[in-house]
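Written below as structure tokens is the structure these notes are about.
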Amino acid sequence: MLFDLRPKEKREELYGREKELEELHRLTESEWVVVLGRRMTGKTSLLKVFLNEVDGLYVNLAGVRSMRGFVEELMKHARKLNIEITMGPLTISWTRLAEDVFSKLEGRIIGLDEVQELPRNYMLKLLKKVWDTYDVKLVFTGSLVGVITGLLEPTPQSPLYGRQPAKIELKPFPSDVGVEFLEAGFREFDMRPPRLEVEEAVESLGGYPGWLAYYGNMRCVRGLGHREALEQVYSDGKQVLIQELKKFLAGRKNPERYVRLLKLLPAKWSELETALGINAKVLSDMLDSLERAMIIEKKGNTYTIPDPIMRRLVLEL
């Protein structure tokens with residue numbers, strides 16, 4: 001069902017991502033792969049559908065920030081395959097235990113969802129050992145920070161220099177595909193909303209399949225009207241994205257400066273430099289970090305906040 005709020009797990013439920021799914025099948029014949037994309041573009045759905053088709057192992061690492069947490073999640077899912085892992089002595093190295101788990105998963109494809117928050121140096125060293133030693137294919141998802149940056153843009157000193165995975169980037173649906181997605185979902189409930197409402201929903205929610213599915217669920221399952229559904233998507237989506245923004249700002253020098261920058265968007269470089277009164281190097285670093293976190297993007301000479309819910313909540317800060 002297209003308006004089911006859970007990640008999709010079957011090909012027939014995965015709307016508009018046939019090309020990316022086939023590319024994932026092709027690439028994993030010989031490569032590790034990183035699936036990039038903003039929140040609500042369908043990274044988890046694409047990954048889970050793919051892994052179900054190849055009898056792979058899905059590991060959800062959202063919020064996991066330690067090697068211990070990573071190994072515990074990996075072990076939990078390995079045990080679902082009746083692979084027994086013993087903990088060993090209390091002084092065990094979590095990295096060595098991870099290697100032991102990977103050794104017992106040879107021949108499989110493993111999906112590591114939302115991997116970017118894991119400790120970068122430890123994780124990259126572990127991944128080098130896995131790459132060099134075990135017959136395991138890995139698919140990662142996340143944004144271009146932390147471990148993902150270390151994978152896709154390794155420095156010459158990196159353990160994975162020269163071993164960059166392939167990359168697949170998920171974009172929001174174009175307007176016509178977004179309209180088709182909503183109309184197909186409504187047909188599953190034998191509903192035919194006015195075309196203008198469908199088009200407005202796609203424009204208001206930016207073509208993000210996750211937000212569109214949420215809107216459709218509000219209409220068809222919760223029974224809300226068009227305006228009520230749009231406001232409910234914003235209200236609930238705001239709670240998700242504000243936490244993402246807070247996580248990005250945590251520990252940064254002058255976080256209020258980032259908020260000021262975001263409130264100025266859309267804007268060109270010169271406009272931002274003048275309005276913020278900062279030097280080019282500081283502005284460049286700020287914009288680069290925001291782009292890597294997939295909070296903003298550059299279109300031509302203009303920096304924008306592509307997600308309409310994020311754009312709206314920034315103005316309310």
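Simple scheme: letters A, B, ... for chains in structure tokens order, numbers from 1 for residues in each chain, numbers from 1 for ligands in the order shown.
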
Exercise for the section: Check the DSSP output for the backbone and give back, as a VMD selection string, the residues of range 46-289 of chain A in alpha helix (DSSP H). Expected result: chain A and resid 46 to 53 67 to 79 94 to 103 120 to 133 146 to 152 175 to 188 195 to 205 209 to 220 226 to 249 255 to 264 269 to 276 280 to 289

Within 6 Å of range 196-218 of chain A, which residues of range 2-111 of chain A come that close, and what is the closest atom pair and distance in Å for each? Count only C-alpha atoms and give it as CSV.
residue,atom,partner,partner_atom,distance
A:Phe3,CA,A:Ala213,CA,4.6
A:Met40,CA,A:Gly210,CA,4.3
A:Thr41,CA,A:Tyr208,CA,5.4

Per-residue nearest contacts of range 10-101 of chain A to range 236-256 of chain A (12 Å; only C-alpha atoms) as a Markdown table:
| residue | atom | partner | partner_atom | distance |
| --- | --- | --- | --- | --- |
| A:Arg38 | CA | A:Leu241 | CA | 10.8 |
| A:Arg39 | CA | A:Leu241 | CA | 8.6 |
| A:Met40 | CA | A:Gly237 | CA | 9.8 |
| A:Ala62 | CA | A:Glu244 | CA | 11.7 |
| A:Gly63 | CA | A:Lys247 | CA | 10.7 |

Pull C-alpha atoms from the residues just selected and write them as a PDB file, in the first residue's frame.
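So the final result, stored in out-v6.pdb, reads:
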ATOM      1  CA  ARG A  38      17.605  13.659   2.328  1.00  0.00           C
ATOM      2  CA  ARG A  39      15.132  12.465   4.897  1.00  0.00           C
ATOM      3  CA  MET A  40      11.872  11.229   3.350  1.00  0.00           C
ATOM      4  CA  ALA A  62      19.704   5.306  13.468  1.00  0.00           C
ATOM      5  CA  GLY A  63      20.937   6.922  16.658  1.00  0.00           C
TER       6      GLY A  63
END

Please report as a Markdown table every residue of range 134-190 of chain A lying within 9 Å of range 14-34 of chain A, along with the nearest atom pair and their distance in Å (one decimal), using only C-alpha atoms.
| residue | atom | partner | partner_atom | distance |
| --- | --- | --- | --- | --- |
| A:Val136 | CA | A:Trp32 | CA | 9.0 |
| A:Lys137 | CA | A:Trp32 | CA | 5.7 |
| A:Leu138 | CA | A:Trp32 | CA | 5.1 |
| A:Val139 | CA | A:Val33 | CA | 4.8 |
| A:Phe140 | CA | A:Val34 | CA | 4.6 |
| A:Thr141 | CA | A:Val34 | CA | 5.7 |
| A:Gly142 | CA | A:Val34 | CA | 7.9 |
| A:Ile148 | CA | A:Val34 | CA | 7.7 |
| A:Leu151 | CA | A:Val34 | CA | 8.4 |
| A:Leu152 | CA | A:Val34 | CA | 8.1 |
| A:Gln164 | CA | A:Trp32 | CA | 8.1 |
| A:Pro165 | CA | A:Trp32 | CA | 4.9 |
| A:Ala166 | CA | A:Val33 | CA | 4.7 |
| A:Lys167 | CA | A:Val34 | CA | 4.9 |
| A:Ile168 | CA | A:Val34 | CA | 6.3 |
| A:Glu169 | CA | A:Val34 | CA | 8.3 |
| A:Leu170 | CA | A:Glu20 | CA | 8.0 |
| A:Phe173 | CA | A:Gly16 | CA | 7.8 |
| A:Val177 | CA | A:Gly16 | CA | 7.3 |
| A:Gly178 | CA | A:Gly16 | CA | 8.9 |
| A:Phe181 | CA | A:Tyr15 | CA | 7.0 |

With C-alpha atoms kept, could you save the residues just selected as an mmCIF file, in the first residue's frame?
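Saved to selection-v6.cif:
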data_model
loop_
_atom_site.group_PDB
_atom_site.id
_atom_site.type_symbol
_atom_site.label_atom_id
_atom_site.label_comp_id
_atom_site.auth_asym_id
_atom_site.auth_seq_id
_atom_site.Cartn_x
_atom_site.Cartn_y
_atom_site.Cartn_z
ATOM 1 C CA VAL A 136 30.827 -9.451 2.128
ATOM 2 C CA LYS A 137 29.042 -6.753 0.118
ATOM 3 C CA LEU A 138 27.915 -3.665 2.038
ATOM 4 C CA VAL A 139 25.286 -1.052 1.209
ATOM 5 C CA PHE A 140 25.290 2.111 3.326
ATOM 6 C CA THR A 141 22.725 4.893 3.658
ATOM 7 C CA GLY A 142 23.076 8.330 5.213
ATOM 8 C CA ILE A 148 29.840 8.459 4.720
ATOM 9 C CA LEU A 151 33.857 6.375 2.489
ATOM 10 C CA LEU A 152 33.151 8.618 -0.493
ATOM 11 C CA GLN A 164 35.506 4.382 -2.673
ATOM 12 C CA PRO A 165 32.091 2.723 -2.941
ATOM 13 C CA ALA A 166 29.727 3.495 -5.803
ATOM 14 C CA LYS A 167 27.066 6.125 -5.112
ATOM 15 C CA ILE A 168 23.324 6.290 -5.749
ATOM 16 C CA GLU A 169 21.562 9.542 -4.812
ATOM 17 C CA LEU A 170 17.801 9.670 -4.306
ATOM 18 C CA PHE A 173 9.945 13.049 -7.222
ATOM 19 C CA VAL A 177 5.699 11.679 -10.771
ATOM 20 C CA GLY A 178 4.538 13.062 -7.410
ATOM 21 C CA PHE A 181 2.143 8.666 -6.937
#

Practice task
Any chance you could list, as a PyMOL selection string, the residues in range 135-279 of chain A that come up strand (DSSP E) when DSSP is run on the backbone?
Solution key: chain A and resi 137-142+166-169+267-268

Problem - Residue with smallest distance to Arg68 in chain A - pool A:Ala293, A:Val130, A:Cys220, A:Leu118, counting only C-alpha atoms - result: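 Answer, going by the shortest atom-to-atom distance: A:Leu118.
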
Problem - Nearest candidate to Asp113 in chain A (options A:Val221, A:Met310, A:Leu261, A:Val64; using only C-alpha atoms) - result: A:Val64

Exercise for the section: Go through A:Pro174, A:Leu315, A:Glu183, A:Leu124 one by one, measure the shortest atom-to-atom distance of each to Gln157 in chain A using only C-alpha atoms, and give the residue with the smallest value. Expected result: A:Leu124

Practice task
Would you mind listing what lies within 10 Å of range 125-127 of chain A as a list of chain:residue names, with only C-alpha atoms counted and same-chain residues fewer than 5 positions away left out?
Solution key: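 Contacts, with the query itself left out: A:Met67, A:Thr95, A:Arg96, A:Ala98, A:Glu99, A:Arg120, A:Asp132, A:Thr133, A:Leu138, A:Leu151, A:Ser158, A:Pro159, A:Leu160.
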
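Distances from A:Met123, A:Met294, A:Leu46, A:Met191 to Gly223 in chain A were compared using only C-alpha atoms, and the smallest one belongs to A:Met191.
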
Exercise for the section: Find, counting only C-alpha atoms, the residue in A:Ala280, A:Glu180, A:Leu265, A:Arg108 that gets nearest to Ile296 in chain A. Expected result: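 With only C-alpha atoms as the atom set, the closest residue is A:Leu265.
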
Exercise for the section: Check the smallest atom-to-atom distance from each of A:Asn60, A:Asn301, A:Asn52, A:Ser66 to Leu112 in chain A using only C-alpha atoms, then report the winner. Expected result: A:Asn60

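The space between CA of Val71 in chain A and CA of Val59 in chain A spans 10.3 Å.
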
Problem - Who sits within 12 Å of Glu9 in chain A, only C-alpha atoms, same chain under 5 positions skipped, as a ChimeraX atom specification - result: /A:1-2,4,14-15,42-53,55,58

Exercise for the section: Tell me which protein, DNA and RNA residues are within 7 Å of Val101 in chain A, counting only C-alpha atoms, leaving out same-chain ones fewer than 3 positions away, and put them as JSON, numbers by chain. Expected result: {"A": [75, 85, 97, 98, 104, 105]}

Practice task
Calculate how many Å separate CA of Ile295 in chain A from CA of Gln232 in chain A, rounding to one decimal.
Solution key: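 Computing the Euclidean distance for CA of Ile295 in chain A and CA of Gln232 in chain A yields 21.6 Å.
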